[in-house]
Every structure is written in C-alpha cells, then in structure tokens.
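Q: One structure, pasted below without further comment.
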Amino acid sequence: MTEQSLNSPGYEISPDMQNVVAITNLDRLYNWGRRSSVWPLMFGLACCAIEMIVAQTARYDLARFGMEVMRPSPRQADLMLVAGTVTKKMVPAIVRLYNQMPEPKYVVAMGACASGGGPFKEGYNVVAGIDKFLPVDVYVPGCPPTPQALIAGLIRLQQKIDKESIRSVRWYRKGGDTVAVPVPILGPDLIDPRRMPEIKRVAAQGAAEAKS
Amino acid sequence: MYGKGAIKSLLVTATRFWNTYWDDFVWLLRRIRRGDRRYYSQEGIRHRSSKDTRGIFTIQYPEEKLITPEEFRFLPFLIYDEAEDGKREIRCTSCGICAKVCPPQCIWIVRSNDPKTGRPIPEPTAFFIDGDICMNCGFCSEYCPFDAIKMDHEIDIASYNRNVFDMEALLKPASYYAGIRPANFAREEEARRQKEAAKAAKAAASVS
Amino acid sequence: MSMPSMGTPAPVQEFVDLSSRFPGIVAPDSRAGFTGWIVAAERLVEVATVLRDELGFDLLSCVTGVDYLPENRMEVVYHLNRTTGGPGLNFKVQVARADPIEVPSLIGVWPGADLQEREAWDLLGIRFAGHPDLRRILMWEGFEGHPLRKDWKEAFYEEDGKPFKSRWPEGQLQMAEDRNPLQDNLSFPPGFDPEKWIPEGDALLYGSLARYTIKDEQGLSTDSIVVNMGPQHPSTHGVFRAAIKLNGETIVALKPVIGYLHRNHEKIGERNTFLLNMPYTDRLDYFNSMANNLGYAITVEKLMGIPVAERAEYIRVIMAELTRIQNHLVFIGNLLNDLGAMYTPALYAFEERELILDIFEAVSGARMMCNYLRFGGVVRDVPPDVMEKIRGLVHDRLPGKTDEMERLLTENEIFLSRTKGVPMIDGETAVQYSITGPVLRAAGVPYDIRRADPYSIYDRFEFDVAVRPHGDLFDNYIIRIDEIRQSLRILEQALKGIPEGPVNSQKPQYQVRVPAGEAYGRIESPKGELAYYVVSNGKPNPWRYHVRAPSFVNISALEKICLGKKIADFVALFGVLDVVMGELDR
C-alpha cells in the first residue's frame with residue numbers, strides 16, 4: 001500500500017543544502033518503519049471496540065497495515081485507539097495507561113463518543129471526548145465508524161506520521177521527556193488535578209451564591 | 001482412537017487452506033478464458049460478499065471497496081437543487097423537525113423572519129450539525145417533509161480536528177443524492193410529480 | 001393463521017388473588033394503566049416467601065425503583081415469573097420519600113436480587129435493610145447524590161424533556177461546555193476544596209473482601225492475595241473488573257466491579273421521547289441491536305395498545321433469529337479465544353457474522369446500530385433481492401457452516417479436556433440467582449420466554465427449546481450450537497410463511513401518543529431475558545424507563561460460580577456467561 005519511494009528525495013537540492021539531504025532521507029526511512037508497524041493497544045471500551053475487532057478479522061484485515069499485533073500491555077504499544085464512550089469512572093485507568101505507554105505514542109479517538117462525548121454527552125458519568133485529558137491525533141467520526149472508516153482514519157494517521165521529522169519530534173528534543181498527564185481523582189465529581197485551583201474558585205463562588 | 005477429534009479439526013482447517021489456493025487457480029483459468037478477475041474487480045468483490053464466498057474473504061480497503069447498499073447511513077447532508085441559471089435552491093425550509101427529532105439533539109437551526117413581511121424565510125440562516133454527537137440514526141432524514149436532509153455514504157471523513165459542520169460543509173447537489181440513492185430518489189421524484197399533477201388538476205378544475 | 005404450538009402445552013392462566021390471602025397487607029394497584037399489587041413494606045419478606053414457595057414464583061425477574069416526586073413517594077417494583085411458564089406477577093412497595101428511605105431486602109428470598117438492589121441504592125438512594133453488602137455499584141463511592149432522582153440535575157442539564165428549545169428556531173451553535181461555569185460536564189458541591197479531598201478509593205471493596213478469611217487444615221490463618229482482573233484486560237468482554245481474593249491459586253472470594261461503561265441510558269431515556277429512545281436501545285447490547293429494538297417496541301406497543309402489521313411481525317422474527325445466530329457465533333469465537341485457540345474459530349465465526357451484518361446493512365442502513373423497528377411494525381420493507389440473500393444464507397450456507405464449526409470443535413480432544421466436566425452452576429442455584437438464557441438452559445432448566453410466555457408470533461412456529469443437563473462449560477458451548485439450529489428452523493418457517501402487506505400499522509409520526517400506565521415487556525434475547533419497564537404519565541417523555549439487562553443479573557452468580565476454582569479458569573467461566581458491558585452498565 002505504500003506509494004512512497006524511499007530513494008528519491010522528491011525535489012531539487014541546491015548545492016549548499018547538500019548536507020541536509022541525508023536527514024530528509026533518514027526521515028523517510030524512519031517514518032516508513034514506524035508507520036508500517038504501528039502496534040495498537042488492545043483497548044476497546046464499548047460498541048466501537050467491536051468494529052475495531054472486526055477490522056482485524058479476515059474481511060478488513062488490519063494486518064495489511066502492520067497493525068494486527070494488538071498488545072494488551074501498554075508498554076509494548078504505539079497507538080491507543082480509544083474506541084467507545086469514555087466514562088468518568090474509567091478515565092483514571094485510561095490516563096494511567098497512556099502514561100505507561102512509551103514514546104512515540106499516538107492517540108486515535110474512534111467514534112463519536114471518544115471524539116466529543118457522542119450521543120451520551122449529556123450523561124452524568126460521561127466525559128465529553130477523550131481530548132479533555134489526552135492529546136488526540138486523529139478523530140474518526142461515526143457511530144460506530146464502519147471498519148472501512150476506521151481503516152481510512154488509520155491511513156490518515158499514517159499520513160500524519162509520514163510528515164514528521166526526526167529533528168522536530170517531541171521525544172528527541174533536549175529535556176523534552178514525555179510529561180505524564182496527571183491521573184484524575186474520583187471525588188464528588190471527576191477532579192482533574194490540572195484544574196484544582198479553578199474548581200476551588202468555582203465551588204467557593206457557588207458557596208457564596210448559596211449563602212446570599 | 002484418541003486424537004480423532006483433533007484430526008477432524010485439522011481436516012477442516014486444511015480444507016479451507018486448500019480451497020483458498022485452489023480457488024485462486026480456478027479464477028486464474030477464468031481470467032485467461034473470460035477476463036474475470038478475482039481481486040480488484042467488482043465481480044470479485046461481489047463474489048466475496050455473497051453466500052458462495054470461499055477461501056479469501058478479504059476486501060482490500062482502500063484499493064477495493066465494499067459495495068455500499070443504498071440504505072447505508074453515515075453522517076447527514078443537505079440537498080440543493082440546481083436551477084437553470086446555476087443558482088442553488090436549498091430544499092430546507094428550516095421547519096425544525098429534524099432538530100426536534102434528533103435523539104442526541106445535535107442539530108442547530110437558525111430561522112429568521114423576512115424584515116419586510118415579518119414571516120419566516122423558507123431557508124435556514126444557519127444550520128449546524130455536531131458530527132461528534134451524531135449517532136447516525138437517520139431520524140432527521142426519515143421525518144423531513146421536504147426531502148431536504150438525507151444520510152450520506154461518505155465514510156472517509158477522519159480528520160485531525162473535531163468535526164462540527166456548518167451549512168456550507170453540509171450542502172450537496174441533488175445529482176449527488178440521485179447517484180448514491182437512485183431508488184429512493186426515483187420514488188421521491190415520482191411522488192413530487194404526482195403531487196404537482198394533482199395540484200395542477202385541482203387548479204384547472206377550480207378555474208373551469 | 002396461527003398453528004398450535006408443539007411440545008410443551010400452552011401454560012394455563014390463573015388469576016392470583018393476593019388481597020384475600022393477605023387482607024390489609026396487600027392491595028391491588030388501582031392506578032389507571034397499572035397492574036399488580038401493592039404490598040406493605042413491613043410484611044414484604046413474608047409475602048415474598050409465600051409467593052415463592054406456595055405459588056411457585058421462583059424466578060425473580062426484575063427489581064427496580066421509581067421516583068414519584070410529585071406524590072412524594074418512592075416505589076420499588078418487583079416482577080416475578082415461574083420457571084414452569086406463564087404470565088408473570090408484579091408487586092410494588094411504596095414508601096415515603098423522606099430520608100432515610102428503607103425497604104426490606106429480598107436477598108434472603110431470591111439471591112438474584114443482590115445487584116439490582118445495589119443499583120436501586122446507588123441510583124435512587126433506597127436503602128435495603130438486611131442486604132449484606134450495600135455499596136454503590138455503577139457510580140463510585142464518594143459520588144455526590146443519587147442520579148436517577150427527579151430532583152437531581154446533572155452538569156449538562158438543559159431541559160426536562162427533549163426536544164430542547166435552544167435548537168430551533170434560535171439555534172445558534174453552542175457547545176454544551178460553554179453553558180457550564182467549569183466549561184465541562186462537572187459540578188461540585190458549594191465550598192468544595194479539591195486539595196483536601198481524600199478519595200475513598202476501593203477501601204469499601206477490599207473491606208468487603210477482607211471478611212473472607214482462610215484457614216488451612218491445621219487451623220492456621222494464611223495470607224491471601226487480592227488480584228484485580230480488569231478493567232483493561234485482553235478478553236473481549238469490555239471494561240469489567242473483578243477483585244479476586246486468592247489462596248494460592250484457588251479463588252476464595254470474588255467481587256465484580258462494574259460501572260466503567262455506565263452511560264446513563266436510563267436518565268437520558270427519561271429525557272427522550274418514546275421514539276427517540278429507539279436508537280439508544282441499539283447501544284445496550286451492541287451485538288444484538290435488533291433484539292433490543294424488539295424488546296422496547298413490544299413494551300411501548302403494550303402501553304399504546306396498538307397492533308403490529310402482520311408482515312412486520314414476520315420480518316421482526318426473521319431479524320431477531322438472524323441476530324441470535326450471529327450472537328452465538330460470536331460467542332463461540334470469543335470463547336475459543338479465551339481458551340487460547342489463537343483466533344481461528346473466531347475468524348470463521350466472524351466471517352459468517354459479516355454476511356449476516358451485510359443483510360442488516362441492506363435492510364436498515366447500519367451493520368450494528370440498526371434502529372429498524374418502530375411502534376406498530378418496522379421502518380421499511382425488506383427488498384426482494386435482500387430476501388433472496390436471506391434465503392440463500394438460511395437454506396444454503398448457514399447449516400453447512402454450523403456443521404463445519406461442530407466438526408472443528410465438538411470432538412476436539414484439547415477443547416473437551418478444557419471444557420467437559422468443568423462445572424459451572426446447577427439448575428436450582430441458577431434459578432435462585434435469577435440467571436436466564438442459555439446458561440440457565442445448559443444447567444437443565446427448560447425456560448425459554450419464546451415458549452413460556454410467548455411474545456410477537458413465536459407461538460406459531462415449531463421449534464424445540466434447547467436444554468442440556470450438565471451445566472458445565474461444554475454444555476454451555478453445545479447449547480449455542482443447538483440454538484443456532486433451532487433458529488434456522490424458525491427462519492425457514494418464517495421465510496415460507498411471510499405474507500405481503502404493509503410493514504407498519506401506524507403512519508410514520510415522530511410524536512406518539514402514549515397513555516398513562518406501566519408496561520413490562522420481556523423477550524428472549526440471545527443472552528437471556530431482556531426486559532423493559534416503562535412508566536408513562538401521558539406526556540411525550542417516559543416517567544421511568546428501566547432496562548432489565550440479562551448480563552447485569554447473570555453476574556449475581558459470578559462469585560458462586562467461581563468459588564473454589566482456579567484463577568486460570570476464571571476467564572473461561574466469565575466468558576461463558578456471555579456478558580456485554582453495554583447492557584451490563586447501561
């Protein structure tokens with residue numbers, strides 16, 4: 001399925017850029033290796049998980065893209081395919097899993113629920129999209145997206161990986177070690193540790209209004 | 001004999017294995033004789049989606065695409081008819097039924113009034129669908145009285161951002177609709193024609 | 001034209017008069033549209049014991065609570081059935097809606113009331129006196145409030161009932177986040193300080209496990225390990241967690257922890273109108289959306305009192321049986337995955353399932369979330385070429401493929417040594433724990449709602465109820481093959497007998513008039529008894545909407561099944577219960 005040719009740089013190189021050419025080719029090689037063997041984390045939450053599993057079965061065959069190795073352990077996975085509704089009770093586990101994944105890691109929000117809460121957005125136990133906690137790379141809409149739509153989304157992710165460059169990826173930057181997302185706490189409602197001052201302020205406002 | 005069951009199982013797997021390559025050979029002969037191709041062709045896909053499918057079952061997306069049935073529904077889209085002068089006649093009259101009937105309430109419609117007459121303009125001023133809430137149920141298209149909103153077949157819409165669609169993103173021509181849903185389009189055009197004919201007959205009868 | 005049903009004779013209807021048996025304690029429910037009895041709370045356990053022992057109502061179908069805020073009353077509704085068949089019985093307990101709201105627990109009479117009473121405590125705040133372990137089940141300990149109460153509003157609350165006025169005609173796009181001070185679906189009690197909050201964690205959960213102590217033969221108490229299986233683990237059953245206490249490798253105690261996929265289906269259901277709930281029911285048991293639709297449609301049709309078009313009845317049965325076949329195929333595939341057969345039987349099963357899903361897609365528009373049924377029939381007719389496809393599958397392909405699956409698995413020595421003789425549950429315990437579906441029938445109890453309490457037109461078809469005697473893992477597998485064959489039988493008869501005609505007895509309308517009353521509609525879904533309890537007060541939105549999910553009730557027996565077994569068996573035993581998190585957590 002790959003139409004890239006690794007050998008031709010694709011544009012005219014002027015003589016004073018000669019030493020840059022080697023890095024561009026290395027980028028291509030680097031990205032080609034990574035995009036052709038993305039290992040998803042076996043992480044299905046709800047109905048979208050079934051379409052994800054079906055995408056691995058014979059008819060749609062994710063193995064053609066190198067993605068048939070679905071690892072249940074986050075330490076061995078590259079891609080977190082959040083498939084299904086993200087609930088407040090489950091979010092601490094999801095964030096912990098994301099933190100345990102080694103770089104380079106990607107997140108694909110599969111389905112309406114993971115992209116933006118979906119039809120259950122108004123629920124009291126539903127988080128309106130996983131991008132409230134994790135950085136999402138590709139959003140695949142649909143309820144559920146058919147396996148072909150999921151494969152289209154994964155191709156979009158492969159195209160994104162193709163555009164990356166060794167010089168600018170976040171895991172090779174000096175001092176740019178991956179920052180863990182703080183794990184949310186289950187309180188009277190879900191507490192995001194990054195927003196504690198805001199929660200305190202709004203709750204104090206609520207108390208002041210109640211008193212008056 | 002102990003192990004007879006395991007041998008039976010292995011025979012089942014072996015038969016399937018053999019069938020795959022035998023069928024490849026049979027189709028190769030067909031290709032030489034008649035030009036039928038097993039892969040990357042419509043008749044190949046049709047055979048592999050039928051009850052006679054045997055062996056390889058894979059439909060290799062994106063080079064091969066499954067045959068989409070007419071009733072397939074993904075995200076909705078709005079229809080406009082193309083008038084002779086190229087102007088777009090948007091069918092939607094902003095009656096609001098689709099917004100009322102949407103189960104997760106993901107449709108927002110702004111209907112404005114004509115400043116001169118004070119009556120509502122039969123065209124939406126703004127129309128939004130939040131694709132990250134839409135559950136692809138099809139109620140909006142089922143209950144639209146003007147055939148203005150229908151369910152699309154387009155599935156390759158993954159993006160790097162959230163998917164909220166405004167009216168421009170949703171509008172598609174009626175010719176596109178006729179292409180994806182020919183039987184529905186034909187039935188609706190027939191119903192429209194009959195209604196026009198009945199109205200014309202009534203007008204003629206009241207005049208005479 | 002209805003054929004006499006073969007096999008078990010039709011159950012006899014008898015009128016049970018409880019008010020003369022218990023004068024002053026039990027009174028008939030006389031509200032318009034309601035049936036059943038109202039029992040005084042103090043004598044509840046006594047009445048329940050009599051119902052179970054003397055009148056033979058041994059299967060507790062459903063326990064749920066209803067909040068009647070305008071009348072300042074909380075009600076707990078019980079639905080009972082007999083395993084010998086026949087219509088069910090329902091009774092209610094009414095208590096004043098002033099904290100603490102207490103009702104005696106019926107866990108001593110029917111152990112299957114366990115998880116359902118915990119859910120009523122969690123979502124409605126009804127305490128059950130005598131329940132040994134009344135903890136929250138769907139939400140977490142420390143959550144503020146009881147969400148299903150009528151005066152509890154969630155953070156994204158907009159209006160009491162859909163459609164919302166903010167969508168039209170002044171429908172400027174506004175994300176729900178922007179209406180909330182915290183820009184998100186969050187609300188905290190006033191004056192809350194998150195930095196001082198100490199999470200409850202799982203202290204109560206591990207505390208409930210600590211009650212089980214282990215002593216070895218010399219009377220020495222030994223140490224134990226608590227292992228958490230889930231919520232993310234490599235079986236396909238979804239986000240389920242079990243806290244298991246182990247003595248070496250033997251399971252000593254087990255507590256299921258659920259709610260990781262609690263999507264507030266019932267609260268959203270109260271806000272939707274009756275029609276708008278139909279696509280939400282697709283997402284309950286997401287493998288069998290046609291069956292979910294069917295259960296909901298027959299419940300609301302009972303409330304509305306409308307007939308169903310004849311052709312639509314046959315189409316519904318065809319779709320329901322096709323759903324059953326694909327569900328059992330997926331079950332067999334997943335079971336073999338859990339046992340370690342590296343995906344081969346699963347891929348064979350999924351191949352057949354794909355062909356069935358193609359039919360669903362051609363008929364309804366979507367593979368899984370079909371949204372195909374409406375009140376009075378189905379939404380559109382099955383085109384003739386799709387009918388041909390169904391005939392091709394039923395007559396030509398599926399019987400042969402079922403035989404192939406049997407040849408692959410049934411006599412395989414490795415499979416037999418893993419499953420034959422591994423005991424699961426016996427019939428009597430299964431009935432006590434309210435287990436329904438193939439698990440109950442594999443334990444020897446021939447209870448199938450299609451035969452015991454027929455709905456739709458199932459009384460016209462000739463089919464056998466699949467039963468197996470031993471109740472071990474192998475019987476649970478082979479009964480699914482039996483049921484696939486019986487479904488094929490029903491399909492053949494339905495395809496032969498389907499008449500021409502309209503597919504809906506009502507005109508298409510999005511505002512349905514539903515008179516006040518209650519209805520309890522139950523169907524034999526592929527996983528067990530799926531029932532909907534809908535209470536209407538005449539308005540466009542239901543007053544109470546409860547789903548009795550077979551997966552949720554079946555795991556009441558999980559601890560009983562797994563006690564004494566090895567931890568390595570847990571995955572197989574849990575897999576055989578055939579649970580789906582979508583309907584377990586709702």
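Chain labels run A, B, ... following the order of the structure tokens; each chain numbers its residues from 1, and ligands are numbered from 1 in the order shown.
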Taking only C-alpha atoms into account, what are the residues of chain B at most 6 Å from chain C, put as a ChimeraX atom specification?
A: /B:5-6,9,69,71-73,96,100,103,108-111
Q: Select, as a PyMOL selection string, those residues of chain C with any atom no more than 7 Å from chain A (distances computed using only C-alpha atoms).
A: chain C and resi 140+142-144+154-157+185-194+199+232-234+238-239+260-264+268+286+347+582
Q: Let me make sure I understand: among A:Val179, A:Met52, A:Ala63, A:Val95, which one has the smallest atom-to-atom distance to Leu134 of chain A if we use only C-alpha atoms?
A: A:Val95
Q: Tell me as a count of residues only which residues belonging to chain A come within 8 Å of chain B, counting only C-alpha atoms.
A: 30
Q: Using only C-alpha atoms for the distances, tell me which of C:Thr419, C:Ser505, C:Thr299, C:Asn293 is nearest to Val534 of chain C.
A: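 Smallest separation from Val534 of chain C among the options: C:Thr299.
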Q: Write down as a count of residues only the residues of segment 7-206 of chain B whose backbone DSSP state falls under alpha helix (DSSP H).
A: 81
Q: For segment 19-21 of chain C, find every residue with an atom within 12 Å (counting only C-alpha atoms), except residues of its own chain fewer than 3 positions away, and show them as an NGL selection string.
A: :C and (15-16 or 24-29 or 36-40 or 47 or 50-51 or 54-55 or 91)
